[in-house]
Amino acid sequence: MDMKKLAAGNWKMNGTRAALAEVDGLGSDRVEVLICPPATLIAPLADRGSRVLVGGQDCDARAEGAHTGDIAAAQLLDAGASHVILGHSERRADHGETDAQVAAKAVAAHQAGLVTIICVGETEAQRDAGETLAVIAAQLAGSVPDCATATNTVVAYEPVWAIGTGRTADASQIAEVHGAMRQTLAARFADADGMRLLYGGSVKAGNAAEIFAIPNVDGALVGGASLKAADFSPIIAAL
Ligand code: PEP
């Protein structure tokens with residue numbers, strides 16, 4: 001399968017319309033570039049005519065209704081999004097999201113026609129206890145729904161201890177987890193070879209090339225270094 005690599009930026013709760021100028025020069029024929037801004041900026045970014053793909057940072061599992069503050073997958077699509085991040089560790093921690101809830105959101109997103117980026121990752125305590133591969137396998141089993149395909153699903157491995165901390169997993173740790181994820185997914189999905197596996201956790205210009213050379217790393221989910229074009233462009237170039 002022809003698998004284009006993916007550089008995905010997660011702006012989290014950062015940015016107002018003035019920040020959209022950072023995106024204007026991004027975009028590539030060689031790889032996919034995706035920006036997931038705050039919900040308020042999805043339509044303005046999609047309407048800007050930039051070459052980047054646009055995504056949400058979460059969606060609800062329900063289609064519509066009396067759920068104040070929540071956003072349905074179809075509403076993200078309507079605003080111009082093609083992707084949605086689900087199960088980010090900050091949502092699992094801040095909002096108590098469970099694997100089952102993430103899977104339900106993914107089903108709703110797929111039904112609406114969105115590509116999901118489903119995040120998994122161990123805490124530092126879990127790594128220290130030698131539980132990393134078991135934690136990741138359980139999160140994949142619980143968070144990735146049966147309707148996942150290489151076309152509608154991307155999986156992001158984001159060690160919780162590496163997000164926003166300046167610490168990155170080393171090459172052998174990333175290779176081990178990504179290899180295990182590929183095997184676990186292959187046991188469930190016929191097209192798992194084509195499912196893109198992103199690494200996330202303090203990716204920056206200085207470490208991107210080394211990370212992208214690791215087997216089974218098909219791109220990156222980037223937080224802090226996706227906010228400024230000067231930081232994100234070299235990461236895209238390294239893919
Ligand atoms: C993230 O938020 O998904 C992330 C990886 O953040 P950072 O790149 O800032 O560590």
# chains A, B, ... in the order shown; residues from 1 in each chain; ligands from 1
call {"tool": "residues_around", "arguments": {"residues": "Leu239 of chain A", "least_positions_apart": "2", "cutoff": "9 Å", "atoms": "only C-alpha atoms", "output": "VMD selection string"}}
result
chain A and resid 5 to 7 30 to 31 208 to 209 212 to 213 218 to 220 234 to 237
call {"tool": "residues_near_ligand", "arguments": {"ligand": "ligand 1", "cutoff": "8 Å", "atoms": "only C-alpha atoms and all ligand atoms", "output": "list of chain:residue names"}}
result
A:Gly9, A:Asn10, A:Trp11, A:Lys12, A:His88, A:Glu90, A:Glu158, A:Ala162, A:Ile163, A:Gly164, A:Thr165, A:Gly166, A:Tyr199, A:Gly200, A:Gly201, A:Ser202, A:Val203, A:Lys204, A:Leu221, A:Val222, A:Gly223, A:Gly224, A:Ala225, A:Ser226
call {"tool": "write_last_selection", "arguments": {"atoms": "N, CA and C atoms", "output": "compact mmCIF listing (two decimals), in the first residue's frame"}}
result
# COMPACT_ATOMS: atom_id res chain seq x y z
N GLY A 9 0.37 18.26 13.63
CA GLY A 9 0.60 19.24 14.68
C GLY A 9 -0.62 19.34 15.58
N ASN A 10 -0.39 19.28 16.89
CA ASN A 10 -1.46 19.41 17.88
C ASN A 10 -1.24 20.71 18.62
N TRP A 11 -2.08 21.70 18.31
CA TRP A 11 -1.89 23.01 18.93
C TRP A 11 -2.44 23.07 20.35
N LYS A 12 -3.16 22.03 20.75
CA LYS A 12 -3.76 22.02 22.09
C LYS A 12 -4.59 23.30 22.29
N HIS A 88 -5.98 11.48 23.44
CA HIS A 88 -4.71 12.08 23.85
C HIS A 88 -4.57 11.94 25.37
N GLU A 90 -3.64 13.91 27.54
CA GLU A 90 -4.15 15.05 28.32
C GLU A 90 -5.66 14.94 28.49
N GLU A 158 2.56 7.89 22.21
CA GLU A 158 3.05 9.06 22.93
C GLU A 158 3.30 8.70 24.39
N ALA A 162 7.00 11.82 28.05
CA ALA A 162 7.77 12.54 27.02
C ALA A 162 6.98 13.70 26.43
N ILE A 163 5.73 13.89 26.84
CA ILE A 163 4.90 14.93 26.23
C ILE A 163 5.13 16.26 26.93
N GLY A 164 5.64 17.22 26.18
CA GLY A 164 5.83 18.56 26.69
C GLY A 164 6.92 18.67 27.74
N THR A 165 7.72 17.64 27.87
CA THR A 165 8.73 17.62 28.94
C THR A 165 10.14 17.88 28.43
N GLY A 166 10.31 17.81 27.09
CA GLY A 166 11.65 17.93 26.54
C GLY A 166 12.37 16.59 26.52
N TYR A 199 5.04 8.68 16.13
CA TYR A 199 5.62 8.86 17.45
C TYR A 199 5.34 10.30 17.89
N GLY A 200 5.04 10.48 19.16
CA GLY A 200 4.86 11.83 19.70
C GLY A 200 5.48 11.93 21.07
N GLY A 201 6.06 13.09 21.35
CA GLY A 201 6.68 13.32 22.65
C GLY A 201 7.96 14.09 22.47
N SER A 202 7.83 15.44 22.53
CA SER A 202 8.99 16.33 22.42
C SER A 202 9.78 16.13 21.14
N VAL A 203 9.07 15.86 20.03
CA VAL A 203 9.75 15.84 18.72
C VAL A 203 10.11 17.27 18.36
N LYS A 204 11.32 17.45 17.88
CA LYS A 204 11.77 18.78 17.46
C LYS A 204 12.75 18.63 16.30
N LEU A 221 3.41 13.02 15.80
CA LEU A 221 2.40 13.92 16.37
C LEU A 221 3.17 14.90 17.24
N VAL A 222 3.09 16.16 16.87
CA VAL A 222 3.97 17.18 17.44
C VAL A 222 3.15 18.24 18.16
N GLY A 223 3.48 18.50 19.41
CA GLY A 223 2.78 19.53 20.16
C GLY A 223 3.49 20.87 20.04
N GLY A 224 4.30 21.18 21.03
CA GLY A 224 4.93 22.50 21.12
C GLY A 224 5.63 22.96 19.85
N ALA A 225 6.32 22.04 19.19
CA ALA A 225 7.10 22.44 18.01
C ALA A 225 6.25 22.57 16.75
N SER A 226 4.93 22.42 16.88
CA SER A 226 4.08 22.65 15.69
C SER A 226 3.47 24.05 15.69
call {"tool": "closest_residue", "arguments": {"among": "A:His95, A:Met3, A:Ala100, A:Gln173", "to": "Pro145 of chain A", "atoms": "only C-alpha atoms"}}
result
A:Ala100
call {"tool": "closest_atom_pairs", "arguments": {"of": "segment 10-104 of chain A", "to": "segment 108-116 of chain A", "cutoff": "12 Å", "atoms": "only C-alpha atoms", "output": "CSV"}}
result
residue,atom,partner,partner_atom,distance
A:Leu34,CA,A:Val115,CA,11.3
A:Cys36,CA,A:Thr116,CA,11.7
A:Leu53,CA,A:Val115,CA,11.0
A:Val54,CA,A:Leu114,CA,10.7
A:Gly55,CA,A:Leu114,CA,8.8
A:Gly56,CA,A:Thr116,CA,9.5
A:Gln57,CA,A:Thr116,CA,9.9
A:Asp58,CA,A:Thr116,CA,9.5
A:Cys59,CA,A:Ala109,CA,7.4
A:Asp60,CA,A:Ala108,CA,7.7
A:Ala61,CA,A:Ala108,CA,5.4
A:Arg62,CA,A:Ala108,CA,7.0
A:Ala63,CA,A:Ala108,CA,7.3
A:Glu64,CA,A:Ala108,CA,11.0
A:Ile71,CA,A:Ala109,CA,11.0
A:Ala72,CA,A:Ala108,CA,8.3
A:Ala73,CA,A:Ala109,CA,5.1
A:Ala74,CA,A:Ala112,CA,5.3
A:Gln75,CA,A:Ala112,CA,9.0
A:Leu76,CA,A:Leu114,CA,8.5
A:Leu77,CA,A:Leu114,CA,6.9
A:Asp78,CA,A:Ala112,CA,9.8
A:Ala79,CA,A:Leu114,CA,11.9
A:Gly80,CA,A:Leu114,CA,10.4
A:Ala81,CA,A:Leu114,CA,7.6
A:Ser82,CA,A:Leu114,CA,5.2
A:His83,CA,A:Val115,CA,4.5
A:Val84,CA,A:Thr116,CA,5.0
A:Ile85,CA,A:Thr116,CA,5.9
A:Leu86,CA,A:Thr116,CA,6.7
A:Gly87,CA,A:Thr116,CA,9.9
A:His88,CA,A:Thr116,CA,11.5
A:Gln101,CA,A:Ala108,CA,10.7
A:Val102,CA,A:Ala108,CA,9.9
A:Ala103,CA,A:Ala108,CA,8.7
A:Ala104,CA,A:Ala108,CA,6.4
call {"tool": "write_last_selection", "arguments": {"atoms": "C-alpha atoms", "output": "PDB file, in the first residue's frame"}}
result
ATOM      1  CA  LEU A  34      -1.997  18.155   9.346  1.00  0.00           C
ATOM      2  CA  CYS A  36      -5.175  20.271  14.685  1.00  0.00           C
ATOM      3  CA  LEU A  53      -5.036  19.185   6.288  1.00  0.00           C
ATOM      4  CA  VAL A  54      -7.103  20.311   9.263  1.00  0.00           C
ATOM      5  CA  GLY A  55      -8.159  18.234  12.248  1.00  0.00           C
ATOM      6  CA  GLY A  56      -9.974  18.404  15.560  1.00  0.00           C
ATOM      7  CA  GLN A  57      -8.492  17.477  18.935  1.00  0.00           C
ATOM      8  CA  ASP A  58     -11.495  15.494  20.166  1.00  0.00           C
ATOM      9  CA  CYS A  59     -15.092  14.702  19.245  1.00  0.00           C
ATOM     10  CA  ASP A  60     -18.095  13.317  21.032  1.00  0.00           C
ATOM     11  CA  ALA A  61     -19.347   9.778  20.494  1.00  0.00           C
ATOM     12  CA  ARG A  62     -22.919  11.028  20.072  1.00  0.00           C
ATOM     13  CA  ALA A  63     -24.259  12.428  16.817  1.00  0.00           C
ATOM     14  CA  GLU A  64     -26.075  15.499  18.214  1.00  0.00           C
ATOM     15  CA  ILE A  71     -18.648  18.735  19.359  1.00  0.00           C
ATOM     16  CA  ALA A  72     -19.930  15.975  17.097  1.00  0.00           C
ATOM     17  CA  ALA A  73     -17.736  14.367  14.467  1.00  0.00           C
ATOM     18  CA  ALA A  74     -20.058  15.546  11.697  1.00  0.00           C
ATOM     19  CA  GLN A  75     -19.649  19.122  12.952  1.00  0.00           C
ATOM     20  CA  LEU A  76     -15.863  18.820  12.683  1.00  0.00           C
ATOM     21  CA  LEU A  77     -16.264  17.543   9.142  1.00  0.00           C
ATOM     22  CA  ASP A  78     -18.661  20.392   8.333  1.00  0.00           C
ATOM     23  CA  ALA A  79     -16.112  22.915   9.660  1.00  0.00           C
ATOM     24  CA  GLY A  80     -13.509  21.536   7.254  1.00  0.00           C
ATOM     25  CA  ALA A  81     -11.708  18.907   9.320  1.00  0.00           C
ATOM     26  CA  SER A  82     -10.593  15.631   7.786  1.00  0.00           C
ATOM     27  CA  HIS A  83      -8.966  14.160  10.908  1.00  0.00           C
ATOM     28  CA  VAL A  84      -9.517  14.057  14.661  1.00  0.00           C
ATOM     29  CA  ILE A  85      -7.124  13.229  17.500  1.00  0.00           C
ATOM     30  CA  LEU A  86      -8.726  10.892  20.033  1.00  0.00           C
ATOM     31  CA  GLY A  87      -7.585   9.635  23.429  1.00  0.00           C
ATOM     32  CA  HIS A  88      -4.709  12.082  23.846  1.00  0.00           C
ATOM     33  CA  GLN A 101     -14.983   6.002  25.369  1.00  0.00           C
ATOM     34  CA  VAL A 102     -12.130   6.561  22.936  1.00  0.00           C
ATOM     35  CA  ALA A 103     -13.270   3.580  20.860  1.00  0.00           C
ATOM     36  CA  ALA A 104     -16.865   4.884  20.826  1.00  0.00           C
TER      37      ALA A 104
END
call {"tool": "select_by_dssp", "arguments": {"residues": "segment 60-225 of chain A", "states": "helix (DSSP H, G or I)", "output": "PyMOL selection string"}}
result
chain A and resi 73-79+89-95+99-112+124-128+132-143+160-162+171-186+192-194+205-212+224-225
call {"tool": "closest_residue", "arguments": {"among": "A:Gly206, A:Lys228, A:Thr149, A:Ala138", "to": "Ala18 of chain A", "atoms": "only C-alpha atoms"}}
result
A:Lys228
call {"tool": "atom_distance", "arguments": {"atom1": "atom CA of Ile117 of chain A", "atom2": "atom CA of Ala156 of chain A"}}
result
6.5 Å
call {"tool": "decode", "arguments": {"residues": "segment 144-160 of chain A", "atoms": "N, CA and C atoms", "output": "PDB file, in the first residue's frame"}}
result
ATOM      1  N   VAL A 144      -8.932   1.095  19.905  1.00  0.00           N
ATOM      2  CA  VAL A 144      -9.034   1.028  18.439  1.00  0.00           C
ATOM      3  C   VAL A 144     -10.239   0.144  18.101  1.00  0.00           C
ATOM      4  N   PRO A 145     -11.238   0.698  17.452  1.00  0.00           N
ATOM      5  CA  PRO A 145     -12.460  -0.075  17.218  1.00  0.00           C
ATOM      6  C   PRO A 145     -12.294  -1.074  16.075  1.00  0.00           C
ATOM      7  N   ASP A 146     -13.207  -2.023  16.018  1.00  0.00           N
ATOM      8  CA  ASP A 146     -13.132  -3.058  14.987  1.00  0.00           C
ATOM      9  C   ASP A 146     -13.253  -2.485  13.573  1.00  0.00           C
ATOM     10  N   CYS A 147     -13.866  -1.295  13.447  1.00  0.00           N
ATOM     11  CA  CYS A 147     -14.046  -0.715  12.105  1.00  0.00           C
ATOM     12  C   CYS A 147     -12.785   0.014  11.620  1.00  0.00           C
ATOM     13  N   ALA A 148     -11.702  -0.062  12.380  1.00  0.00           N
ATOM     14  CA  ALA A 148     -10.472   0.635  11.972  1.00  0.00           C
ATOM     15  C   ALA A 148      -9.869  -0.020  10.730  1.00  0.00           C
ATOM     16  N   THR A 149      -9.365   0.821   9.839  1.00  0.00           N
ATOM     17  CA  THR A 149      -8.634   0.364   8.654  1.00  0.00           C
ATOM     18  C   THR A 149      -7.407   1.257   8.493  1.00  0.00           C
ATOM     19  N   ALA A 150      -6.542   0.858   7.578  1.00  0.00           N
ATOM     20  CA  ALA A 150      -5.364   1.685   7.310  1.00  0.00           C
ATOM     21  C   ALA A 150      -5.759   3.043   6.732  1.00  0.00           C
ATOM     22  N   THR A 151      -6.942   3.120   6.154  1.00  0.00           N
ATOM     23  CA  THR A 151      -7.388   4.382   5.554  1.00  0.00           C
ATOM     24  C   THR A 151      -7.994   5.315   6.598  1.00  0.00           C
ATOM     25  N   ASN A 152      -8.727   4.759   7.563  1.00  0.00           N
ATOM     26  CA  ASN A 152      -9.440   5.652   8.488  1.00  0.00           C
ATOM     27  C   ASN A 152      -8.763   5.788   9.851  1.00  0.00           C
ATOM     28  N   THR A 153      -7.641   5.118  10.055  1.00  0.00           N
ATOM     29  CA  THR A 153      -7.038   5.130  11.400  1.00  0.00           C
ATOM     30  C   THR A 153      -5.518   5.294  11.348  1.00  0.00           C
ATOM     31  N   VAL A 154      -5.053   6.169  12.205  1.00  0.00           N
ATOM     32  CA  VAL A 154      -3.626   6.356  12.476  1.00  0.00           C
ATOM     33  C   VAL A 154      -3.469   6.132  13.979  1.00  0.00           C
ATOM     34  N   VAL A 155      -2.389   5.501  14.382  1.00  0.00           N
ATOM     35  CA  VAL A 155      -2.152   5.302  15.819  1.00  0.00           C
ATOM     36  C   VAL A 155      -0.914   6.112  16.208  1.00  0.00           C
ATOM     37  N   ALA A 156      -1.024   6.832  17.307  1.00  0.00           N
ATOM     38  CA  ALA A 156       0.120   7.621  17.794  1.00  0.00           C
ATOM     39  C   ALA A 156       0.606   7.065  19.124  1.00  0.00           C
ATOM     40  N   TYR A 157       1.881   6.701  19.155  1.00  0.00           N
ATOM     41  CA  TYR A 157       2.506   6.292  20.420  1.00  0.00           C
ATOM     42  C   TYR A 157       3.115   7.522  21.068  1.00  0.00           C
ATOM     43  N   GLU A 158       2.563   7.887  22.213  1.00  0.00           N
ATOM     44  CA  GLU A 158       3.047   9.063  22.927  1.00  0.00           C
ATOM     45  C   GLU A 158       3.297   8.703  24.391  1.00  0.00           C
ATOM     46  N   PRO A 159       4.546   8.375  24.726  1.00  0.00           N
ATOM     47  CA  PRO A 159       4.827   8.121  26.143  1.00  0.00           C
ATOM     48  C   PRO A 159       4.445   9.349  26.951  1.00  0.00           C
ATOM     49  N   VAL A 160       3.639   9.176  27.984  1.00  0.00           N
ATOM     50  CA  VAL A 160       3.116  10.327  28.726  1.00  0.00           C
ATOM     51  C   VAL A 160       4.263  11.152  29.302  1.00  0.00           C
TER      52      VAL A 160
END
